[in-house]
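Below is the file coords_10.pdb, which contains PDB, C-alpha atoms and all ligand atoms.
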ATOM      1  CA  MET A  30      -7.144 -12.883  -3.373  1.00  0.00           C
ATOM      2  CA  ARG A  31      -6.092 -13.350  -7.007  1.00  0.00           C
ATOM      3  CA  PRO A  32      -5.405 -11.122 -10.047  1.00  0.00           C
ATOM      4  CA  PHE A  33      -8.455  -9.774 -11.888  1.00  0.00           C
ATOM      5  CA  GLN A  34      -9.577 -11.663 -14.989  1.00  0.00           C
ATOM      6  CA  PRO A  35     -11.587 -10.099 -17.843  1.00  0.00           C
ATOM      7  CA  THR A  36     -14.631 -12.270 -17.031  1.00  0.00           C
ATOM      8  CA  ASP A  37     -14.800 -11.024 -13.406  1.00  0.00           C
ATOM      9  CA  PRO A  38     -17.528  -8.496 -12.497  1.00  0.00           C
ATOM     10  CA  ARG A  39     -16.265  -4.917 -12.076  1.00  0.00           C
ATOM     11  CA  GLY A  40     -16.908  -3.260  -8.729  1.00  0.00           C
ATOM     12  CA  ASP A  41     -19.088  -0.359  -9.914  1.00  0.00           C
ATOM     13  CA  SER A  42     -22.493  -1.632  -8.832  1.00  0.00           C
ATOM     14  CA  LEU A  43     -21.178  -2.823  -5.483  1.00  0.00           C
ATOM     15  CA  LEU A  44     -19.311   0.412  -4.766  1.00  0.00           C
ATOM     16  CA  ARG A  45     -22.363   2.553  -5.626  1.00  0.00           C
ATOM     17  CA  THR A  46     -24.154   0.961  -2.685  1.00  0.00           C
ATOM     18  CA  GLU A  47     -21.291   1.381  -0.176  1.00  0.00           C
ATOM     19  CA  VAL A  48     -21.915   3.739   2.743  1.00  0.00           C
ATOM     20  CA  ARG A  49     -20.195   7.017   1.813  1.00  0.00           C
ATOM     21  CA  THR A  50     -18.347   8.464   4.777  1.00  0.00           C
ATOM     22  CA  ASP A  51     -16.515  11.746   4.208  1.00  0.00           C
ATOM     23  CA  GLU A  52     -13.034  10.254   4.363  1.00  0.00           C
ATOM     24  CA  HIS A  53     -13.874   7.500   1.835  1.00  0.00           C
ATOM     25  CA  LYS A  54     -15.934   9.522  -0.644  1.00  0.00           C
ATOM     26  CA  GLY A  55     -12.858  10.495  -2.680  1.00  0.00           C
ATOM     27  CA  LEU A  56     -11.765   6.864  -2.987  1.00  0.00           C
ATOM     28  CA  LEU A  57     -15.161   5.687  -4.238  1.00  0.00           C
ATOM     29  CA  ASP A  58     -15.511   8.613  -6.660  1.00  0.00           C
ATOM     30  CA  PHE A  59     -12.076   7.853  -8.038  1.00  0.00           C
ATOM     31  CA  TYR A  60     -12.996   4.253  -8.903  1.00  0.00           C
ATOM     32  CA  LEU A  61     -16.391   5.179 -10.349  1.00  0.00           C
ATOM     33  CA  ASN A  62     -15.435   8.305 -12.303  1.00  0.00           C
ATOM     34  CA  GLU A  63     -11.693   8.654 -12.844  1.00  0.00           C
ATOM     35  CA  ALA A  64      -9.938   5.289 -12.806  1.00  0.00           C
ATOM     36  CA  LYS A  65     -10.544   4.428 -16.479  1.00  0.00           C
ATOM     37  CA  ASN A  66      -9.421   7.871 -17.626  1.00  0.00           C
ATOM     38  CA  CYS A  67      -6.210   7.617 -15.604  1.00  0.00           C
ATOM     39  CA  GLU A  68      -5.527   4.236 -17.150  1.00  0.00           C
ATOM     40  CA  GLU A  69      -6.055   5.555 -20.689  1.00  0.00           C
ATOM     41  CA  ASN A  70      -3.813   8.546 -19.973  1.00  0.00           C
ATOM     42  CA  LEU A  71      -1.158   6.282 -18.416  1.00  0.00           C
ATOM     43  CA  THR A  72      -1.183   8.202 -15.138  1.00  0.00           C
ATOM     44  CA  SER A  73      -2.200   5.303 -12.871  1.00  0.00           C
ATOM     45  CA  PHE A  74      -3.338   1.702 -13.095  1.00  0.00           C
ATOM     46  CA  THR A  75      -6.237   0.471 -11.011  1.00  0.00           C
ATOM     47  CA  TYR A  76      -6.302  -3.147  -9.870  1.00  0.00           C
ATOM     48  CA  ASP A  77      -9.510  -4.866  -8.849  1.00  0.00           C
ATOM     49  CA  ILE A  78      -9.053  -7.131  -5.831  1.00  0.00           C
ATOM     50  CA  VAL A  79     -10.934 -10.363  -6.368  1.00  0.00           C
ATOM     51  CA  SER A  80     -11.515 -13.378  -4.113  1.00  0.00           C
ATOM     52  CA  ASP A  81     -10.529 -16.868  -5.282  1.00  0.00           C
ATOM     53  CA  ASP A  82     -14.154 -17.467  -6.265  1.00  0.00           C
ATOM     54  CA  GLY A  83     -14.390 -14.247  -8.293  1.00  0.00           C
ATOM     55  CA  ASN A  84     -16.090 -11.784  -5.902  1.00  0.00           C
ATOM     56  CA  PHE A  85     -15.083  -8.135  -5.987  1.00  0.00           C
ATOM     57  CA  LEU A  86     -13.383  -7.224  -2.668  1.00  0.00           C
ATOM     58  CA  GLY A  87     -11.971  -3.762  -3.309  1.00  0.00           C
ATOM     59  CA  PHE A  88      -9.382  -1.948  -5.423  1.00  0.00           C
ATOM     60  CA  PHE A  89      -6.063  -0.153  -5.383  1.00  0.00           C
ATOM     61  CA  CYS A  90      -4.153   1.944  -7.874  1.00  0.00           C
ATOM     62  CA  VAL A  91      -0.458   2.457  -8.449  1.00  0.00           C
ATOM     63  CA  SER A  92       1.789   4.762 -10.451  1.00  0.00           C
ATOM     64  CA  ASN A  93       5.457   5.734 -10.606  1.00  0.00           C
ATOM     65  CA  SER A  94       6.691   8.437  -8.298  1.00  0.00           C
ATOM     66  CA  LEU A  95       9.626   9.810  -6.316  1.00  0.00           C
ATOM     67  CA  LEU A  96      10.071  10.121  -2.585  1.00  0.00           C
ATOM     68  CA  LEU A  97      11.210  13.583  -1.594  1.00  0.00           C
ATOM     69  CA  LEU A  98      13.347  13.092   1.494  1.00  0.00           C
ATOM     70  CA  ASP A  99      15.074  15.872   3.355  1.00  0.00           C
ATOM     71  CA  GLU A 100      18.795  16.512   2.961  1.00  0.00           C
ATOM     72  CA  LYS A 101      19.797  14.722   6.173  1.00  0.00           C
ATOM     73  CA  GLU A 102      17.810  11.581   5.335  1.00  0.00           C
ATOM     74  CA  ILE A 103      19.338  11.412   1.867  1.00  0.00           C
ATOM     75  CA  MET A 104      22.859  11.846   3.238  1.00  0.00           C
ATOM     76  CA  THR A 105      22.441   9.093   5.837  1.00  0.00           C
ATOM     77  CA  GLU A 106      20.483   6.706   3.674  1.00  0.00           C
ATOM     78  CA  PHE A 107      22.212   7.095   0.333  1.00  0.00           C
ATOM     79  CA  LYS A 108      25.617   8.435   1.366  1.00  0.00           C
ATOM     80  CA  ARG A 109      25.118  11.225  -1.151  1.00  0.00           C
ATOM     81  CA  LYS A 110      26.991  14.300  -0.120  1.00  0.00           C
ATOM     82  CA  LYS A 111      27.312  16.130  -3.405  1.00  0.00           C
ATOM     83  CA  ASN A 112      23.920  15.738  -5.011  1.00  0.00           C
ATOM     84  CA  VAL A 113      21.552  16.165  -2.081  1.00  0.00           C
ATOM     85  CA  SER A 114      18.581  16.817  -4.349  1.00  0.00           C
ATOM     86  CA  PHE A 115      18.461  13.101  -5.255  1.00  0.00           C
ATOM     87  CA  ALA A 116      14.934  11.756  -4.789  1.00  0.00           C
ATOM     88  CA  PRO A 117      14.776   7.947  -4.808  1.00  0.00           C
ATOM     89  CA  PRO A 118      12.359   6.202  -7.203  1.00  0.00           C
ATOM     90  CA  ALA A 119       9.143   4.968  -5.642  1.00  0.00           C
ATOM     91  CA  THR A 120       5.823   3.325  -6.433  1.00  0.00           C
ATOM     92  CA  LEU A 121       2.864   5.422  -5.366  1.00  0.00           C
ATOM     93  CA  LEU A 122      -0.012   3.496  -3.834  1.00  0.00           C
ATOM     94  CA  GLY A 123      -2.537   6.131  -4.877  1.00  0.00           C
ATOM     95  CA  LYS A 124      -5.693   4.516  -3.515  1.00  0.00           C
ATOM     96  CA  LEU A 125      -6.508   1.435  -1.469  1.00  0.00           C
ATOM     97  CA  TYR A 126     -10.073   0.536  -0.682  1.00  0.00           C
ATOM     98  CA  ILE A 127     -11.418  -2.699   0.774  1.00  0.00           C
ATOM     99  CA  CYS A 128     -15.233  -2.999   0.728  1.00  0.00           C
ATOM    100  CA  ASN A 129     -16.856  -2.518   4.114  1.00  0.00           C
ATOM    101  CA  CYS A 130     -17.916  -6.119   4.632  1.00  0.00           C
ATOM    102  CA  ASN A 131     -14.462  -7.496   3.764  1.00  0.00           C
ATOM    103  CA  ARG A 132     -12.367  -5.371   6.115  1.00  0.00           C
ATOM    104  CA  GLY A 133     -10.385  -6.851   8.982  1.00  0.00           C
ATOM    105  CA  THR A 134      -9.794 -10.175   7.226  1.00  0.00           C
ATOM    106  CA  GLY A 135      -6.236  -9.528   6.069  1.00  0.00           C
ATOM    107  CA  ILE A 136      -6.915  -8.419   2.480  1.00  0.00           C
ATOM    108  CA  GLY A 137      -5.318  -4.979   2.954  1.00  0.00           C
ATOM    109  CA  SER A 138      -2.172  -6.706   4.228  1.00  0.00           C
ATOM    110  CA  GLU A 139      -2.193  -9.085   1.257  1.00  0.00           C
ATOM    111  CA  VAL A 140      -2.391  -6.102  -1.076  1.00  0.00           C
ATOM    112  CA  ILE A 141       0.746  -4.522   0.429  1.00  0.00           C
ATOM    113  CA  LEU A 142       2.607  -7.806   0.054  1.00  0.00           C
ATOM    114  CA  TYR A 143       1.326  -8.174  -3.525  1.00  0.00           C
ATOM    115  CA  ILE A 144       2.490  -4.674  -4.490  1.00  0.00           C
ATOM    116  CA  ALA A 145       5.940  -5.284  -2.963  1.00  0.00           C
ATOM    117  CA  LYS A 146       6.527  -8.759  -4.375  1.00  0.00           C
ATOM    118  CA  GLU A 147       4.493  -8.963  -7.566  1.00  0.00           C
ATOM    119  CA  ILE A 148       4.622  -5.374  -8.782  1.00  0.00           C
ATOM    120  CA  CYS A 149       7.809  -3.771  -7.404  1.00  0.00           C
ATOM    121  CA  PHE A 150      10.251  -6.692  -7.101  1.00  0.00           C
ATOM    122  CA  LYS A 151       9.248  -8.147 -10.472  1.00  0.00           C
ATOM    123  CA  SER A 152       9.289  -4.844 -12.351  1.00  0.00           C
ATOM    124  CA  LYS A 153      12.239  -3.918 -14.543  1.00  0.00           C
ATOM    125  CA  SER A 154      11.744  -0.323 -13.413  1.00  0.00           C
ATOM    126  CA  ALA A 155      13.357   0.068  -9.979  1.00  0.00           C
ATOM    127  CA  SER A 156      11.474   1.297  -6.897  1.00  0.00           C
ATOM    128  CA  ARG A 157      13.176   1.764  -3.557  1.00  0.00           C
ATOM    129  CA  PHE A 158       9.959   2.642  -1.705  1.00  0.00           C
ATOM    130  CA  ILE A 159       6.193   2.300  -1.851  1.00  0.00           C
ATOM    131  CA  ILE A 160       4.669   5.598  -0.783  1.00  0.00           C
ATOM    132  CA  ILE A 161       1.213   6.841   0.150  1.00  0.00           C
ATOM    133  CA  ASP A 162      -0.377  10.190   0.909  1.00  0.00           C
ATOM    134  CA  ILE A 163      -2.322   9.891   4.116  1.00  0.00           C
ATOM    135  CA  ASN A 164      -5.649  11.633   4.529  1.00  0.00           C
ATOM    136  CA  ALA A 165      -5.549  13.581   7.803  1.00  0.00           C
ATOM    137  CA  ARG A 166      -9.208  12.665   8.411  1.00  0.00           C
ATOM    138  CA  ASN A 167      -8.348   8.973   8.417  1.00  0.00           C
ATOM    139  CA  PRO A 168      -6.392   8.076  11.604  1.00  0.00           C
ATOM    140  CA  ASN A 169      -7.351   4.383  11.179  1.00  0.00           C
ATOM    141  CA  ALA A 170      -5.317   4.245   8.002  1.00  0.00           C
ATOM    142  CA  VAL A 171      -2.194   5.637   9.745  1.00  0.00           C
ATOM    143  CA  ASN A 172      -2.591   2.966  12.391  1.00  0.00           C
ATOM    144  CA  PHE A 173      -3.027   0.258   9.755  1.00  0.00           C
ATOM    145  CA  TYR A 174       0.138   1.235   7.850  1.00  0.00           C
ATOM    146  CA  THR A 175       2.279   1.882  10.959  1.00  0.00           C
ATOM    147  CA  LYS A 176       1.604  -1.632  12.256  1.00  0.00           C
ATOM    148  CA  ARG A 177       2.730  -2.991   8.886  1.00  0.00           C
ATOM    149  CA  GLY A 178       6.180  -1.387   8.760  1.00  0.00           C
ATOM    150  CA  TRP A 179       5.355   1.930   7.097  1.00  0.00           C
ATOM    151  CA  LEU A 180       7.213   5.030   8.311  1.00  0.00           C
ATOM    152  CA  HIS A 181       6.860   8.798   8.029  1.00  0.00           C
ATOM    153  CA  PRO A 182       9.638  10.767   6.312  1.00  0.00           C
ATOM    154  CA  ARG A 183      11.138  13.346   8.674  1.00  0.00           C
ATOM    155  CA  THR A 184       9.444  16.353   7.128  1.00  0.00           C
ATOM    156  CA  TYR A 185       6.187  15.057   5.641  1.00  0.00           C
ATOM    157  CA  ALA A 186       3.630  14.032   8.247  1.00  0.00           C
ATOM    158  CA  ARG A 187       1.074  13.375   5.493  1.00  0.00           C
ATOM    159  CA  LYS A 188       3.259  10.858   3.654  1.00  0.00           C
ATOM    160  CA  MET A 189       4.259   7.347   4.636  1.00  0.00           C
ATOM    161  CA  PHE A 190       6.716   4.995   2.990  1.00  0.00           C
ATOM    162  CA  PHE A 191       7.465   1.288   2.905  1.00  0.00           C
ATOM    163  CA  ASP A 192      11.169   0.561   2.463  1.00  0.00           C
ATOM    164  CA  LEU A 193      11.447  -2.112  -0.237  1.00  0.00           C
ATOM    165  CA  LEU A 194      15.188  -2.637   0.164  1.00  0.00           C
ATOM    166  CA  ARG A 195      14.858  -3.299   3.907  1.00  0.00           C
ATOM    167  CA  PHE A 196      11.868  -5.523   3.210  1.00  0.00           C
ATOM    168  CA  LYS A 197      13.895  -7.580   0.717  1.00  0.00           C
ATOM    169  CA  ILE A 198      16.711  -7.996   3.248  1.00  0.00           C
ATOM    170  CA  PHE A 199      14.168  -8.894   5.946  1.00  0.00           C
ATOM    171  CA  LEU A 200      12.475 -11.539   3.746  1.00  0.00           C
ATOM    172  CA  LYS A 201      15.828 -13.205   3.128  1.00  0.00           C
ATOM    173  CA  ALA A 202      16.799 -13.181   6.808  1.00  0.00           C
ATOM    174  CA  TYR A 203      13.366 -14.335   8.055  1.00  0.00           C
ATOM    175  CA  LYS A 204      12.625 -16.801   5.264  1.00  0.00           C
ATOM    176  CA  GLU A 205      11.724 -19.630   7.646  1.00  0.00           C
ATOM    177  CA  GLN A 206       9.454 -17.523   9.914  1.00  0.00           C
ATOM    178  CA  CYS A 207       7.641 -16.127   6.858  1.00  0.00           C
ATOM    179  CA  ARG A 208       7.134 -19.442   5.062  1.00  0.00           C
ATOM    180  CA  ASN A 209       3.723 -20.348   6.520  1.00  0.00           C
ATOM    181  CA  SER A 210       2.702 -16.934   7.827  1.00  0.00           C
ATOM    182  CA  SER A 211      -0.171 -14.749   6.618  1.00  0.00           C
ATOM    183  CA  ALA A 212       0.564 -11.420   4.948  1.00  0.00           C
ATOM    184  CA  ALA A 213      -0.544  -9.596   8.114  1.00  0.00           C
ATOM    185  CA  GLU A 214       1.875 -11.645  10.250  1.00  0.00           C
ATOM    186  CA  ILE A 215       4.791 -11.113   7.850  1.00  0.00           C
ATOM    187  CA  LEU A 216       4.237  -7.357   7.839  1.00  0.00           C
ATOM    188  CA  ARG A 217       3.896  -7.191  11.625  1.00  0.00           C
ATOM    189  CA  LEU A 218       7.178  -9.087  11.936  1.00  0.00           C
ATOM    190  CA  PHE A 219       8.735  -6.620   9.511  1.00  0.00           C
ATOM    191  CA  ALA A 220       7.537  -3.675  11.635  1.00  0.00           C
ATOM    192  CA  ILE A 221       9.195  -5.239  14.702  1.00  0.00           C
ATOM    193  CA  TYR A 222      12.366  -5.930  12.683  1.00  0.00           C
ATOM    194  CA  LEU A 223      12.550  -2.233  11.697  1.00  0.00           C
ATOM    195  CA  GLN A 224      12.039  -1.115  15.296  1.00  0.00           C
ATOM    196  CA  GLU A 225      14.834  -3.403  16.504  1.00  0.00           C
ATOM    197  CA  GLU A 226      17.093  -2.128  13.734  1.00  0.00           C
ATOM    198  CA  GLN A 227      16.506   1.447  14.923  1.00  0.00           C
ATOM    199  CA  ASN A 228      17.350   0.697  18.566  1.00  0.00           C
TER     200      ASN A 228
HETATM  201  C1  LIG A 301      -7.401   0.532   5.735  1.00  0.00           C
HETATM  202  C2  LIG A 301      -7.834  -0.719   4.947  1.00  0.00           C
HETATM  203  C3  LIG A 301      -7.275  -0.622   3.531  1.00  0.00           C
HETATM  204  C4  LIG A 301      -7.300  -1.969   5.629  1.00  0.00           C
HETATM  205  O1  LIG A 301      -7.691  -3.102   4.897  1.00  0.00           O
HETATM  206  P1  LIG A 301      -8.124  -4.473   5.632  1.00  0.00           P
HETATM  207  O2  LIG A 301      -8.373  -5.490   4.591  1.00  0.00           O
HETATM  208  O3  LIG A 301      -9.203  -4.198   6.607  1.00  0.00           O
HETATM  209  O4  LIG A 301      -6.740  -4.806   6.354  1.00  0.00           O
HETATM  210  P2  LIG A 301      -6.372  -6.015   7.350  1.00  0.00           P
HETATM  211  O5  LIG A 301      -7.527  -6.928   7.466  1.00  0.00           O
HETATM  212  O6  LIG A 301      -5.094  -6.543   6.870  1.00  0.00           O
HETATM  213  O7  LIG A 301      -6.145  -5.256   8.753  1.00  0.00           O
HETATM  214  C5  LIG A 301      -7.080  -4.357   9.259  1.00  0.00           C
HETATM  215  C6  LIG A 301      -6.890  -3.954  10.684  1.00  0.00           C
HETATM  216  O8  LIG A 301      -8.120  -3.401  11.135  1.00  0.00           O
HETATM  217  C7  LIG A 301      -8.773  -4.290  12.083  1.00  0.00           C
HETATM  218  N1  LIG A 301     -10.191  -4.489  11.776  1.00  0.00           N
HETATM  219  C8  LIG A 301     -10.973  -5.411  12.277  1.00  0.00           C
HETATM  220  N2  LIG A 301     -12.203  -5.259  11.821  1.00  0.00           N
HETATM  221  C9  LIG A 301     -12.212  -4.232  11.024  1.00  0.00           C
HETATM  222  C10 LIG A 301     -13.193  -3.616  10.242  1.00  0.00           C
HETATM  223  N3  LIG A 301     -14.457  -4.035  10.222  1.00  0.00           N
HETATM  224  N4  LIG A 301     -12.830  -2.560   9.516  1.00  0.00           N
HETATM  225  C11 LIG A 301     -11.584  -2.130   9.525  1.00  0.00           C
HETATM  226  N5  LIG A 301     -10.601  -2.701  10.237  1.00  0.00           N
HETATM  227  C12 LIG A 301     -10.906  -3.731  10.979  1.00  0.00           C
HETATM  228  C13 LIG A 301      -8.036  -5.553  11.904  1.00  0.00           C
HETATM  229  O9  LIG A 301      -8.075  -6.304  13.089  1.00  0.00           O
HETATM  230  C14 LIG A 301      -6.644  -5.086  11.624  1.00  0.00           C
HETATM  231  O10 LIG A 301      -6.122  -4.540  12.830  1.00  0.00           O
HETATM  232  P3  LIG A 301      -4.591  -4.610  13.224  1.00  0.00           P
HETATM  233  O11 LIG A 301      -3.940  -3.453  12.487  1.00  0.00           O
HETATM  234  O12 LIG A 301      -4.586  -4.436  14.694  1.00  0.00           O
HETATM  235  O13 LIG A 301      -4.095  -5.930  12.758  1.00  0.00           O
HETATM  236  C15 LIG A 301      -9.392  -0.849   4.924  1.00  0.00           C
HETATM  237  O14 LIG A 301      -9.872  -0.787   6.229  1.00  0.00           O
HETATM  238  C16 LIG A 301     -10.086   0.187   4.074  1.00  0.00           C
HETATM  239  O15 LIG A 301     -10.242   0.014   2.875  1.00  0.00           O
HETATM  240  N6  LIG A 301     -10.515   1.287   4.699  1.00  0.00           N
HETATM  241  C17 LIG A 301     -11.253   2.322   3.995  1.00  0.00           C
HETATM  242  C18 LIG A 301     -10.412   3.053   2.991  1.00  0.00           C
HETATM  243  C19 LIG A 301      -9.104   3.563   3.554  1.00  0.00           C
HETATM  244  O16 LIG A 301      -9.062   4.108   4.634  1.00  0.00           O
HETATM  245  N7  LIG A 301      -8.039   3.379   2.762  1.00  0.00           N
HETATM  246  C20 LIG A 301      -6.713   3.824   3.103  1.00  0.00           C
HETATM  247  C21 LIG A 301      -6.474   5.119   2.434  1.00  0.00           C
HETATM  248  S1  LIG A 301      -4.791   5.616   2.577  1.00  0.00           S
END
Could you take the file, read its structure, and then write that structure out as structure tokens?
Ligand SMILES: CC(C)(COP(=O)(O)OP(=O)(O)OC[C@H]1O[C@@H](n2cnc3c(N)ncnc32)[C@H](O)[C@@H]1OP(=O)(O)O)[C@@H](O)C(=O)NCCC(=O)NCCS
Amino acid sequence: MRPFQPTDPRGDSLLRTEVRTDEHKGLLDFYLNEAKNCEENLTSFTYDIVSDDGNFLGFFCVSNSLLLLDEKEIMTEFKRKKNVSFAPPATLLGKLYICNCNRGTGIGSEVILYIAKEICFKSKSASRFIIIDINARNPNAVNFYTKRGWLHPRTYARKMFFDLLRFKIFLKAYKEQCRNSSAAEILRLFAIYLQEEQN
């Protein structure tokens, strides 16, 4: 996987031929009909995911957001007792779609790592979390994110978040174990690390 270059083919023709299941229709329609508009209006940026040899593999889009936590979570996490309406800054992973024939090869995991390291950690605009809205008709997605260290806020079953601060601390502590590991392995290790921290 590498960043998109202007000479790479866009994914339109490939995505038009993808099998349209109900839970994925919205994702495909977004790329084909809305992504460019959102980019022009500065509401979200869509990234094409491209293989090292220039093949279109899928896409994701990101924008700035806030994570609305409940009062108790804010008080424990941020030690804020006076201003409990504080909502920490977050990066919204609005869409993530890997083409049918490329799934299960670790690209989705690489994307999460890319967003954390290359977009969030390198940005001058702080994000404490990456967040997603989960489609209730897509239990596979919940499974995918849960195994990679994503959690549900206490009061929003349809949202999941990836804690960037904990991930940064984890990467420092597990530097050696992560050195030659794939993105999927790093994220699985992170999920275990979070579980152990909770116990
Ligand atoms: C969910 C999704 C983004 C994951 O991307 P991916 O590149 O397949 O991710 P990975 O290869 O890192 O891991 C996929 C997991 O599914 C398993 N898998 C194996 N074959 C698979 C296949 N053909 N399709 C899907 N998943 C498969 C993998 O073994 C892995 O399982 P694990 O969690 O036990 O490790 C991708 O399946 C997808 O685009 N789905 C359709 C759109 C969607 O649901 N997006 C999420 C919206 S919130």
Residues matched by the PyMOL selection byres (((not hetatm)) within 7 of (chain A and resi 301)), written as a PyMOL selection string = chain A and resi 53+124-139+161-164+167+169-170+172-173+176+213
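Atom CA of Met189 of chain A sits 8.6 Å away from atom CA of Thr175 of chain A.
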Just how far from atom CA of Thr46 of chain A is atom CA of Asn84 of chain A, in Å to one decimal?
-> 15.4 Å
Check which residues satisfy the PyMOL selection byres (((chain A and resi 61-67) around 12) and not hetatm) in the file shown, then give them as number ranges by chain.
-> A: 39-47, 54-60, 68-77, 88-92, 123-124
Closest of A:Cys207, A:Ala212, A:Ile159, A:Ala202 to Ala119 of chain A - atom-to-atom distances counting only C-alpha atoms | A:Ile159
What is the atom CA of Leu142 of chain A-atom CA of Arg177 of chain A distance in Å, reported with one decimal?
->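 Going from atom CA of Leu142 of chain A over to atom CA of Arg177 of chain A covers 10.1 Å.
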Pick out the closest residue to Tyr143 of chain A from this set: A:Asp37, A:Lys111, A:Arg157, A:Leu216. Count all atoms listed in the file.
-> A:Leu216
I need the residue set behind the PyMOL selection byres (((chain A and resi 96) around 9) and not hetatm) for this file; please write it as a list in words.
-> Ser94, Leu95, Leu97, Leu98, Ala116, Pro117, Pro118, Ala119, Thr120, Arg157, Phe158, Ile159, Ile160, Pro182 and Phe190 of chain A
Serialized selection, C-alpha atoms, as a PDB file, keeping the file's coordinate frame:
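New file result_12.pdb:
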ATOM      1  CA  SER A  94       6.691   8.437  -8.298  1.00  0.00           C
ATOM      2  CA  LEU A  95       9.626   9.810  -6.316  1.00  0.00           C
ATOM      3  CA  LEU A  97      11.210  13.583  -1.594  1.00  0.00           C
ATOM      4  CA  LEU A  98      13.347  13.092   1.494  1.00  0.00           C
ATOM      5  CA  ALA A 116      14.934  11.756  -4.789  1.00  0.00           C
ATOM      6  CA  PRO A 117      14.776   7.947  -4.808  1.00  0.00           C
ATOM      7  CA  PRO A 118      12.359   6.202  -7.203  1.00  0.00           C
ATOM      8  CA  ALA A 119       9.143   4.968  -5.642  1.00  0.00           C
ATOM      9  CA  THR A 120       5.823   3.325  -6.433  1.00  0.00           C
ATOM     10  CA  ARG A 157      13.176   1.764  -3.557  1.00  0.00           C
ATOM     11  CA  PHE A 158       9.959   2.642  -1.705  1.00  0.00           C
ATOM     12  CA  ILE A 159       6.193   2.300  -1.851  1.00  0.00           C
ATOM     13  CA  ILE A 160       4.669   5.598  -0.783  1.00  0.00           C
ATOM     14  CA  PRO A 182       9.638  10.767   6.312  1.00  0.00           C
ATOM     15  CA  PHE A 190       6.716   4.995   2.990  1.00  0.00           C
TER      16      PHE A 190
END
Closest to Ile144 of chain A among A:Ile78, A:Leu180, A:Ile103, A:Ala165, using all atoms listed in the file?
->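 Checking each candidate against Ile144 of chain A, we get A:Ile78 as the closest.
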List the spatial neighbours of Phe150 of chain A as a short mmCIF file (atom, residue, chain, number, x, y, z; two decimals) with C-alpha atoms, keeping the file's coordinate frame - criterion: any atom at most 9 Å away, only C-alpha atoms, same-chain residues fewer than 5 positions off excluded.
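Result written to part-v2.cif:
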data_model
loop_
_atom_site.label_atom_id
_atom_site.label_comp_id
_atom_site.auth_asym_id
_atom_site.auth_seq_id
_atom_site.Cartn_x
_atom_site.Cartn_y
_atom_site.Cartn_z
CA ILE A 144 2.49 -4.67 -4.49
CA ALA A 145 5.94 -5.28 -2.96
CA ALA A 155 13.36 0.07 -9.98
CA SER A 156 11.47 1.30 -6.90
CA LEU A 193 11.45 -2.11 -0.24
CA LYS A 197 13.90 -7.58 0.72
#
Please provide as a list in words all residues within 8 Å of Gly178 of chain A, with the sequence filter that same-chain residues fewer than 3 positions apart are discarded (counting only C-alpha atoms).
->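 Once the nearby chain positions are removed, what remains is Tyr174, Thr175, Phe191, Leu216, Arg217, Phe219, Ala220, Ile221 and Leu223 of chain A.
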A:Gln34, A:Arg187, A:Glu214, A:Lys146 ranked by distance to Gly83 of chain A, top pick (using all atoms listed in the file) |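 For Gly83 of chain A, the nearest of the candidates is A:Gln34.
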Take segment 81-92 of chain A, model N, CA and C atoms, and hand the result over as a compact mmCIF listing (two decimals), in the coordinates of the input.
# COMPACT_ATOMS: atom_id res chain seq x y z
N ASP A 81 -10.81 -15.68 -4.46
CA ASP A 81 -10.53 -16.87 -5.28
C ASP A 81 -11.75 -17.31 -6.08
N ASP A 82 -12.96 -17.06 -5.51
CA ASP A 82 -14.15 -17.47 -6.26
C ASP A 82 -14.77 -16.32 -7.07
N GLY A 83 -13.98 -15.26 -7.32
CA GLY A 83 -14.39 -14.25 -8.29
C GLY A 83 -15.22 -13.09 -7.77
N ASN A 84 -15.33 -12.93 -6.44
CA ASN A 84 -16.09 -11.78 -5.90
C ASN A 84 -15.21 -10.55 -5.78
N PHE A 85 -15.80 -9.41 -6.10
CA PHE A 85 -15.08 -8.14 -5.99
C PHE A 85 -14.91 -7.77 -4.51
N LEU A 86 -13.66 -7.50 -4.09
CA LEU A 86 -13.38 -7.22 -2.67
C LEU A 86 -12.97 -5.78 -2.42
N GLY A 87 -12.46 -5.12 -3.47
CA GLY A 87 -11.97 -3.76 -3.31
C GLY A 87 -11.05 -3.42 -4.46
N PHE A 88 -10.28 -2.35 -4.32
CA PHE A 88 -9.38 -1.95 -5.42
C PHE A 88 -8.20 -1.18 -4.88
N PHE A 89 -7.17 -1.07 -5.70
CA PHE A 89 -6.06 -0.15 -5.38
C PHE A 89 -5.50 0.37 -6.69
N CYS A 90 -4.80 1.49 -6.65
CA CYS A 90 -4.15 1.94 -7.87
C CYS A 90 -2.71 2.33 -7.58
N VAL A 91 -1.88 2.15 -8.60
CA VAL A 91 -0.46 2.46 -8.45
C VAL A 91 0.05 3.27 -9.64
N SER A 92 1.10 4.04 -9.37
CA SER A 92 1.79 4.76 -10.45
C SER A 92 3.24 5.00 -10.01
